Amino acid sequence: MSSKKFQIAKRLQGTEKNVWVDISKLAMEQKSINLGQGFPDFMAPESVVQCLKDTVSSDNPLIHQYTRSFGHVRLVNALAKLYEPHLGRKVDPMTEVLITVGAYGSLFSIIQGLVNPGDEVIIIEPFFDCYQPMVLAAGGTPVFIPFRPTKEGKVCSSADWKLDEAELASKFSPKTKLILVNTPNNPLGKVLTLDELTVIANLCKQHDVVCLADEVYEWMTYDNNKHIKIATLPGMWERTLTVGSAGKTFSVTGWKVGWVLGPRNLVHCAQIMHQNTTYTCPTPIQEAVARGLELEISRAGTPECYLTSLAKQLKPKRDWLARVLEEVGMLPVVPEAGYFMLANYSHMDPVDFPASDEAKDFKFVKWLTINKKLTVIPPTAFYSKGNQHLAENFVRFCFIKEDSTLEKAADILRKWKL
């Protein structure tokens with residue numbers, strides 16, 4: 001017997017599909033080399049792992065009990081100390097920092113805490129796929145604006161994808177509550193420049209809009225590209241909520257610790273949502289992250305500092321993957337940051353896809369997984385329907401993997417070419 005009362009809530013209808021669930025399931029079934037979901041297949045830094053070991057073996061009984069709802073005291077203090085030099089201001093750890101279950105939890109708490117039904121939320125494409133369903137679940141209306149490639153049909157940099165300033169300005173209206181700015185961008189790897197951020201900041205101030213700055217890849221920049229926090233621009237601290245991630249910072253995505261920094265009144269909105277959902281995050285993991293951050297702060301400016309050494313470890317992987325993709329006939333978009341690389345596959349040998357209503361890149365990824373045992377991610381998952389044509393000839397590779405894993409993937413592509 002079925003009943004309308006047993007159906008999914010209306011505010012969630014249309015958000016059921018999830019690229020990570022679908023593609024990861026297929027990759028497991030096919031036992032493929034997985035360069036899809038973004039997590040390392042190598043060990044996290046020994047120092048932060050040791051912090052967790054020391055924490056759980058502590059003789060302090062409170063380490064295993066609830067901690068402060070808005071963030072373990074040692075962790076919020078470490079984050080304030082870490083970010084004050086980058087923000088150029090003092091940060092009150094008790095009122096201007098919130099700890100959540102991953103950056104996902106930060107995004108959810110901010111959007112649910114700020115967006116009212118009917119509010120418009122500007123989303124820059126490509127976007128991390130949870131942005132749209134989170135806005136819809138809050139009753140908001142997503143308004144999309146894409147980065148557009150300026151160099152078609154050739155190898156290029158993520159810097160070659162641009163926002164049209166007039167088009168961006170046209171997306172702001174009296175209903176605009178929030179703009180989501182992901183820099184460095186996933187999946188593109190683009191680092192927004194000072195000029196690009198200034199355009200966004202000026203529109204936010206002109207239209208009295210809050211900026212949600214998703215900056216989880218902040219430490220992984222290459223080729224002297226500099227990550228600039230939009231919150232540091234004139235007049236932006238008071239209207240910006242900045243999101244970070246321990247999972248990305250320390251290569252421990254399974255620890256699921258994220259954070260929000262911003263002015264007290266805006267952080268409070270996210271705090272109220274957080275306290276009425278997860279309430280608090282695991283105490284031992286927060287303690288371990290705090291200890292890890294304290295250690296990295298003491299190592300700042302040295303080769304041992306993981307905040308800067310990870311990018312040095314990843315850059316050769318990025319460069320090698322770009323060469324391999326070009327060698328086999330793909331056109332990589334070389335990222336300025338992060339650990340993902342888009343590549344145009346449309347010049348590869350034609351593939352006969354089974355008939356379906358799916359986007360072309362989804363068909364290609366499933367074909368590649370089943371027939372070649374290599375899994376990547378279809379980037380139309382990061383676009384609204386109206387702009388999916390911009391991504392249907394691309395796939396996303398993850399290169400934060402062991403060299404041996406990348407070599408196996410390269411071998412598959414080279415054999416396919418032959």
# chains A, B, ... in the order shown; residues from 1 in each chain; ligands from 1
call {"tool": "closest_atom_pairs", "arguments": {"of": "segment 354-408 of chain A", "to": "segment 40-61 of chain A", "cutoff": "12 Å", "atoms": "only C-alpha atoms", "output": "CSV"}}
result
residue,atom,partner,partner_atom,distance
A:Cys398,CA,A:Pro40,CA,8.9
A:Phe399,CA,A:Pro40,CA,8.3
A:Ile400,CA,A:Pro40,CA,5.1
A:Lys401,CA,A:Pro40,CA,5.2
A:Glu402,CA,A:Phe42,CA,6.2
A:Asp403,CA,A:Phe42,CA,9.8
A:Ser404,CA,A:Asp41,CA,10.3
A:Thr405,CA,A:Asp41,CA,8.4
A:Leu406,CA,A:Asp41,CA,10.7
call {"tool": "select_by_dssp", "arguments": {"residues": "segment 322-389 of chain A", "states": "alpha helix (DSSP H)", "output": "list in words"}}
result
Ala322, Arg323, Val324, Leu325, Glu326, Glu327, Lys360, Asp361, Phe362, Lys363, Phe364, Val365, Lys366, Trp367, Leu368, Thr369, Ile370, Asn371 and Lys372 of chain A
call {"tool": "residues_around", "arguments": {"residues": "segment 81-91 of chain A", "least_positions_apart": "2", "cutoff": "12 Å", "atoms": "only C-alpha atoms", "output": "number ranges by chain"}}
result
A: 74-79, 93-98, 218-219, 226-234, 236-237, 240, 242-244, 259-264, 290, 292-300, 307
call {"tool": "write_last_selection", "arguments": {"atoms": "N, CA and C atoms", "output": "short mmCIF file (atom, residue, chain, number, x, y, z; two decimals), in the first residue's frame"}}
result
data_model
loop_
_atom_site.label_atom_id
_atom_site.label_comp_id
_atom_site.auth_asym_id
_atom_site.auth_seq_id
_atom_site.Cartn_x
_atom_site.Cartn_y
_atom_site.Cartn_z
N ARG A 74 39.68 24.24 22.17
CA ARG A 74 41.07 24.22 21.66
C ARG A 74 41.08 24.41 20.14
N LEU A 75 40.10 23.85 19.44
CA LEU A 75 40.08 23.94 17.98
C LEU A 75 39.70 25.35 17.51
N VAL A 76 38.69 25.95 18.08
CA VAL A 76 38.32 27.30 17.61
C VAL A 76 39.43 28.30 17.90
N ASN A 77 40.14 28.10 19.00
CA ASN A 77 41.28 28.98 19.29
C ASN A 77 42.41 28.78 18.28
N ALA A 78 42.66 27.52 17.90
CA ALA A 78 43.70 27.25 16.90
C ALA A 78 43.34 27.86 15.55
N LEU A 79 42.06 27.76 15.17
CA LEU A 79 41.62 28.33 13.90
C LEU A 79 41.73 29.85 13.90
N PRO A 93 37.35 33.63 18.77
CA PRO A 93 37.09 32.20 18.56
C PRO A 93 35.75 31.74 19.09
N MET A 94 35.20 32.44 20.07
CA MET A 94 33.94 32.01 20.67
C MET A 94 32.71 32.45 19.89
N THR A 95 32.83 33.53 19.13
CA THR A 95 31.64 34.06 18.45
C THR A 95 31.79 34.15 16.93
N GLU A 96 33.02 34.04 16.43
CA GLU A 96 33.25 34.23 14.99
C GLU A 96 33.76 32.97 14.31
N VAL A 97 33.68 31.83 15.01
CA VAL A 97 34.08 30.54 14.45
C VAL A 97 33.03 29.50 14.84
N LEU A 98 32.67 28.65 13.88
CA LEU A 98 31.75 27.54 14.14
C LEU A 98 32.35 26.27 13.54
N GLU A 218 42.08 26.04 -0.21
CA GLU A 218 42.86 27.27 -0.07
C GLU A 218 44.37 27.06 -0.03
N TRP A 219 44.85 25.92 0.47
CA TRP A 219 46.29 25.72 0.65
C TRP A 219 46.95 25.11 -0.58
N LYS A 226 48.04 32.99 -6.18
CA LYS A 226 47.80 33.34 -4.79
C LYS A 226 46.30 33.31 -4.49
N HIS A 227 45.96 32.54 -3.46
CA HIS A 227 44.57 32.52 -3.01
C HIS A 227 44.30 33.76 -2.17
N ILE A 228 43.32 34.53 -2.56
CA ILE A 228 42.93 35.74 -1.84
C ILE A 228 41.57 35.52 -1.20
N LYS A 229 41.47 35.79 0.07
CA LYS A 229 40.18 35.66 0.76
C LYS A 229 39.31 36.87 0.46
N ILE A 230 38.14 36.64 -0.06
CA ILE A 230 37.26 37.76 -0.40
C ILE A 230 36.86 38.54 0.86
N ALA A 231 36.92 37.88 2.01
CA ALA A 231 36.60 38.56 3.27
C ALA A 231 37.59 39.66 3.61
N THR A 232 38.77 39.65 2.96
CA THR A 232 39.78 40.68 3.25
C THR A 232 39.59 41.94 2.41
N LEU A 233 38.71 41.89 1.42
CA LEU A 233 38.48 43.08 0.59
C LEU A 233 37.70 44.13 1.37
N PRO A 234 37.87 45.41 1.04
CA PRO A 234 37.19 46.47 1.78
C PRO A 234 35.67 46.24 1.86
N MET A 236 34.04 43.78 3.09
CA MET A 236 33.52 42.42 2.88
C MET A 236 33.52 41.54 4.12
N TRP A 237 34.33 41.83 5.13
CA TRP A 237 34.31 40.99 6.32
C TRP A 237 32.90 40.91 6.91
N THR A 240 30.63 38.39 4.80
CA THR A 240 31.19 37.15 4.25
C THR A 240 31.29 36.07 5.31
N THR A 242 33.20 32.44 5.56
CA THR A 242 34.24 31.67 4.90
C THR A 242 34.25 30.25 5.43
N VAL A 243 34.24 29.29 4.53
CA VAL A 243 34.18 27.87 4.89
C VAL A 243 35.52 27.20 4.63
N GLY A 244 35.98 26.39 5.59
CA GLY A 244 37.22 25.62 5.46
C GLY A 244 37.00 24.18 5.86
N TRP A 259 34.59 24.11 9.11
CA TRP A 259 34.43 25.30 9.93
C TRP A 259 33.93 26.49 9.12
N VAL A 260 33.37 27.43 9.86
CA VAL A 260 32.89 28.70 9.31
C VAL A 260 33.55 29.82 10.09
N LEU A 261 34.04 30.82 9.39
CA LEU A 261 34.54 32.04 10.02
C LEU A 261 33.80 33.23 9.45
N GLY A 262 33.50 34.19 10.30
CA GLY A 262 32.83 35.40 9.83
C GLY A 262 32.38 36.27 10.97
N PRO A 263 31.67 37.35 10.67
CA PRO A 263 31.20 38.26 11.72
C PRO A 263 30.18 37.56 12.61
N ARG A 264 30.13 38.00 13.84
CA ARG A 264 29.32 37.34 14.86
C ARG A 264 27.86 37.17 14.44
N ALA A 290 42.84 20.21 16.22
CA ALA A 290 43.41 21.37 16.92
C ALA A 290 44.91 21.19 17.14
N GLY A 292 46.89 19.27 15.47
CA GLY A 292 47.54 19.30 14.18
C GLY A 292 47.75 20.72 13.67
N LEU A 293 46.74 21.57 13.84
CA LEU A 293 46.85 22.96 13.40
C LEU A 293 47.89 23.71 14.23
N GLU A 294 47.91 23.45 15.52
CA GLU A 294 48.92 24.09 16.37
C GLU A 294 50.33 23.74 15.90
N LEU A 295 50.51 22.47 15.53
CA LEU A 295 51.82 22.04 15.04
C LEU A 295 52.16 22.74 13.72
N GLU A 296 51.19 22.83 12.82
CA GLU A 296 51.45 23.48 11.53
C GLU A 296 51.72 24.97 11.68
N ILE A 297 51.05 25.61 12.63
CA ILE A 297 51.33 27.03 12.90
C ILE A 297 52.78 27.19 13.35
N SER A 298 53.26 26.27 14.19
CA SER A 298 54.65 26.34 14.67
C SER A 298 55.64 26.05 13.55
N ARG A 299 55.18 25.33 12.50
CA ARG A 299 56.06 24.98 11.38
C ARG A 299 55.98 25.96 10.22
N ALA A 300 55.16 26.98 10.33
CA ALA A 300 54.94 27.91 9.22
C ALA A 300 56.27 28.42 8.67
N LEU A 307 50.73 22.53 5.33
CA LEU A 307 49.87 23.50 4.67
C LEU A 307 50.47 23.96 3.34
#
call {"tool": "select_by_dssp", "arguments": {"residues": "segment 80-210 of chain A", "states": "strand (DSSP E)", "output": "ChimeraX atom specification"}}
result
/A:97-101,120-125,141-146,148-149,156-157,161-162,176-182,210
call {"tool": "atom_distance", "arguments": {"atom1": "atom CA of Lys373 of chain A", "atom2": "atom CA of Lys31 of chain A"}}
result
6.9 Å
call {"tool": "residues_around", "arguments": {"residues": "segment 341-356 of chain A", "least_positions_apart": "6", "cutoff": "8 Å", "atoms": "only C-alpha atoms", "output": "CSV table (one decimal) with C-alpha atoms, in the first residue's frame"}}
result
chain,number,residue,atom,x,y,z
A,187,PRO,CA,36.0,21.0,-10.4
A,188,LEU,CA,37.7,23.7,-12.5
A,189,GLY,CA,40.7,24.5,-10.3
A,318,ARG,CA,49.2,17.5,-11.9
A,325,LEU,CA,45.9,13.3,-21.1
A,328,VAL,CA,46.2,10.2,-25.5
A,329,GLY,CA,44.2,12.9,-27.3
A,330,MET,CA,42.4,14.7,-24.5
A,331,LEU,CA,42.6,18.4,-23.9
A,332,PRO,CA,43.3,19.1,-20.2
A,333,VAL,CA,42.3,22.3,-18.4
A,334,VAL,CA,45.4,22.6,-16.2
A,335,PRO,CA,44.2,23.7,-12.7
A,363,LYS,CA,27.2,8.1,-20.7
A,364,PHE,CA,30.9,8.4,-21.4
A,367,TRP,CA,31.1,3.4,-20.7
A,393,ASN,CA,32.5,17.1,-23.6
A,394,PHE,CA,34.6,17.1,-20.4
A,395,VAL,CA,35.3,14.7,-17.5
A,396,ARG,CA,37.0,15.3,-14.2
A,397,PHE,CA,40.1,13.5,-13.0
A,398,CYS,CA,41.3,13.4,-9.4
A,399,PHE,CA,45.1,13.4,-9.0
A,417,LYS,CA,44.5,4.8,-27.8
call {"tool": "residues_around", "arguments": {"residues": "Leu168 of chain A", "least_positions_apart": "5", "cutoff": "12 Å", "atoms": "only C-alpha atoms", "output": "VMD selection string"}}
result
chain A and resid 122 to 125 143 to 148 162 to 163 173 179 196 199 to 204
call {"tool": "write_last_selection", "arguments": {"atoms": "N, CA and C atoms", "output": "PDB file, in the first residue's frame"}}
result
ATOM      1  N   ILE A 122      22.722  33.256  -5.844  1.00  0.00           N
ATOM      2  CA  ILE A 122      23.528  33.170  -7.058  1.00  0.00           C
ATOM      3  C   ILE A 122      24.582  32.082  -6.878  1.00  0.00           C
ATOM      4  N   ILE A 123      24.652  31.171  -7.841  1.00  0.00           N
ATOM      5  CA  ILE A 123      25.596  30.061  -7.816  1.00  0.00           C
ATOM      6  C   ILE A 123      26.464  30.135  -9.071  1.00  0.00           C
ATOM      7  N   ILE A 124      27.778  30.221  -8.870  1.00  0.00           N
ATOM      8  CA  ILE A 124      28.715  30.278  -9.990  1.00  0.00           C
ATOM      9  C   ILE A 124      29.018  28.852 -10.448  1.00  0.00           C
ATOM     10  N   GLU A 125      28.899  28.631 -11.759  1.00  0.00           N
ATOM     11  CA  GLU A 125      29.130  27.303 -12.331  1.00  0.00           C
ATOM     12  C   GLU A 125      30.508  27.218 -12.986  1.00  0.00           C
ATOM     13  N   VAL A 143      20.082  30.893  -8.845  1.00  0.00           N
ATOM     14  CA  VAL A 143      20.289  31.711 -10.039  1.00  0.00           C
ATOM     15  C   VAL A 143      21.720  31.445 -10.499  1.00  0.00           C
ATOM     16  N   PHE A 144      21.884  30.982 -11.734  1.00  0.00           N
ATOM     17  CA  PHE A 144      23.177  30.460 -12.162  1.00  0.00           C
ATOM     18  C   PHE A 144      23.917  31.426 -13.078  1.00  0.00           C
ATOM     19  N   ILE A 145      25.241  31.426 -12.924  1.00  0.00           N
ATOM     20  CA  ILE A 145      26.127  32.224 -13.771  1.00  0.00           C
ATOM     21  C   ILE A 145      27.392  31.394 -14.005  1.00  0.00           C
ATOM     22  N   PRO A 146      27.722  31.064 -15.268  1.00  0.00           N
ATOM     23  CA  PRO A 146      28.857  30.168 -15.500  1.00  0.00           C
ATOM     24  C   PRO A 146      30.171  30.878 -15.815  1.00  0.00           C
ATOM     25  N   PHE A 147      31.276  30.258 -15.384  1.00  0.00           N
ATOM     26  CA  PHE A 147      32.557  30.560 -16.001  1.00  0.00           C
ATOM     27  C   PHE A 147      32.477  30.042 -17.434  1.00  0.00           C
ATOM     28  N   ARG A 148      32.955  30.839 -18.381  1.00  0.00           N
ATOM     29  CA  ARG A 148      32.932  30.403 -19.773  1.00  0.00           C
ATOM     30  C   ARG A 148      34.365  30.272 -20.295  1.00  0.00           C
ATOM     31  N   LYS A 162      36.322  32.410 -17.635  1.00  0.00           N
ATOM     32  CA  LYS A 162      36.031  33.735 -17.087  1.00  0.00           C
ATOM     33  C   LYS A 162      34.534  33.932 -16.843  1.00  0.00           C
ATOM     34  N   LEU A 163      34.229  34.817 -15.904  1.00  0.00           N
ATOM     35  CA  LEU A 163      32.870  35.321 -15.730  1.00  0.00           C
ATOM     36  C   LEU A 163      32.684  36.540 -16.610  1.00  0.00           C
ATOM     37  N   SER A 173      19.438  40.931  -7.969  1.00  0.00           N
ATOM     38  CA  SER A 173      18.115  41.555  -7.947  1.00  0.00           C
ATOM     39  C   SER A 173      17.763  41.882  -6.504  1.00  0.00           C
ATOM     40  N   ILE A 179      25.390  34.937  -2.420  1.00  0.00           N
ATOM     41  CA  ILE A 179      26.132  34.438  -3.577  1.00  0.00           C
ATOM     42  C   ILE A 179      27.155  33.423  -3.077  1.00  0.00           C
ATOM     43  N   GLU A 196      38.838  39.848 -10.222  1.00  0.00           N
ATOM     44  CA  GLU A 196      37.586  39.094 -10.306  1.00  0.00           C
ATOM     45  C   GLU A 196      36.829  39.138  -8.981  1.00  0.00           C
ATOM     46  N   VAL A 199      35.116  42.586  -8.443  1.00  0.00           N
ATOM     47  CA  VAL A 199      33.841  42.723  -9.152  1.00  0.00           C
ATOM     48  C   VAL A 199      32.707  42.111  -8.327  1.00  0.00           C
ATOM     49  N   ILE A 200      32.944  40.908  -7.806  1.00  0.00           N
ATOM     50  CA  ILE A 200      31.921  40.236  -6.990  1.00  0.00           C
ATOM     51  C   ILE A 200      31.653  41.036  -5.718  1.00  0.00           C
ATOM     52  N   ALA A 201      32.726  41.472  -5.066  1.00  0.00           N
ATOM     53  CA  ALA A 201      32.577  42.215  -3.811  1.00  0.00           C
ATOM     54  C   ALA A 201      31.778  43.497  -4.014  1.00  0.00           C
ATOM     55  N   ASN A 202      32.064  44.226  -5.079  1.00  0.00           N
ATOM     56  CA  ASN A 202      31.348  45.478  -5.333  1.00  0.00           C
ATOM     57  C   ASN A 202      29.861  45.236  -5.567  1.00  0.00           C
ATOM     58  N   LEU A 203      29.526  44.146  -6.260  1.00  0.00           N
ATOM     59  CA  LEU A 203      28.113  43.816  -6.484  1.00  0.00           C
ATOM     60  C   LEU A 203      27.437  43.415  -5.176  1.00  0.00           C
ATOM     61  N   CYS A 204      28.159  42.684  -4.330  1.00  0.00           N
ATOM     62  CA  CYS A 204      27.600  42.312  -3.020  1.00  0.00           C
ATOM     63  C   CYS A 204      27.276  43.550  -2.192  1.00  0.00           C
TER      64      CYS A 204
END
call {"tool": "atom_distance", "arguments": {"atom1": "atom CA of Leu192 of chain A", "atom2": "atom CA of Lys151 of chain A"}}
result
17.5 Å
call {"tool": "decode", "arguments": {"residues": "segment 269-288 of chain A", "atoms": "N, CA and C atoms", "output": "compact mmCIF listing (two decimals), in the first residue's frame"}}
result
# COMPACT_ATOMS: atom_id res chain seq x y z
N CYS A 269 23.69 32.88 12.71
CA CYS A 269 22.64 32.26 11.91
C CYS A 269 22.97 30.80 11.63
N ALA A 270 24.24 30.53 11.31
CA ALA A 270 24.66 29.16 11.06
C ALA A 270 24.69 28.35 12.36
N GLN A 271 25.08 28.98 13.45
CA GLN A 271 25.12 28.29 14.74
C GLN A 271 23.74 27.75 15.14
N ILE A 272 22.71 28.55 14.92
CA ILE A 272 21.37 28.12 15.33
C ILE A 272 20.94 26.89 14.54
N MET A 273 21.24 26.88 13.24
CA MET A 273 20.91 25.69 12.45
C MET A 273 21.71 24.49 12.92
N HIS A 274 23.00 24.71 13.17
CA HIS A 274 23.88 23.63 13.60
C HIS A 274 23.42 23.02 14.93
N GLN A 275 23.05 23.88 15.88
CA GLN A 275 22.67 23.34 17.19
C GLN A 275 21.36 22.56 17.14
N ASN A 276 20.57 22.80 16.12
CA ASN A 276 19.30 22.10 15.98
C ASN A 276 19.36 20.94 14.99
N THR A 277 20.55 20.61 14.53
CA THR A 277 20.72 19.42 13.68
C THR A 277 21.72 18.49 14.33
N THR A 278 23.02 18.68 14.06
CA THR A 278 24.02 17.77 14.64
C THR A 278 24.42 18.16 16.06
N TYR A 279 24.17 19.38 16.45
CA TYR A 279 24.45 19.94 17.78
C TYR A 279 25.95 20.10 18.05
N THR A 280 26.72 19.01 17.91
CA THR A 280 28.16 19.10 18.15
C THR A 280 28.86 18.09 17.27
N CYS A 281 30.18 18.16 17.22
CA CYS A 281 30.98 17.25 16.40
C CYS A 281 31.86 16.39 17.32
N PRO A 282 32.39 15.27 16.81
CA PRO A 282 33.15 14.35 17.66
C PRO A 282 34.31 15.03 18.38
N THR A 283 34.34 14.91 19.67
CA THR A 283 35.35 15.57 20.49
C THR A 283 36.78 15.12 20.18
N PRO A 284 37.05 13.80 20.11
CA PRO A 284 38.45 13.39 19.87
C PRO A 284 38.99 13.90 18.54
N ILE A 285 38.16 13.93 17.52
CA ILE A 285 38.65 14.37 16.21
C ILE A 285 38.90 15.88 16.23
N GLN A 286 38.02 16.64 16.88
CA GLN A 286 38.26 18.08 17.00
C GLN A 286 39.56 18.36 17.75
N GLU A 287 39.78 17.61 18.81
CA GLU A 287 41.02 17.77 19.59
C GLU A 287 42.24 17.47 18.73
N ALA A 288 42.16 16.39 17.94
CA ALA A 288 43.29 16.01 17.09
C ALA A 288 43.55 17.06 16.01
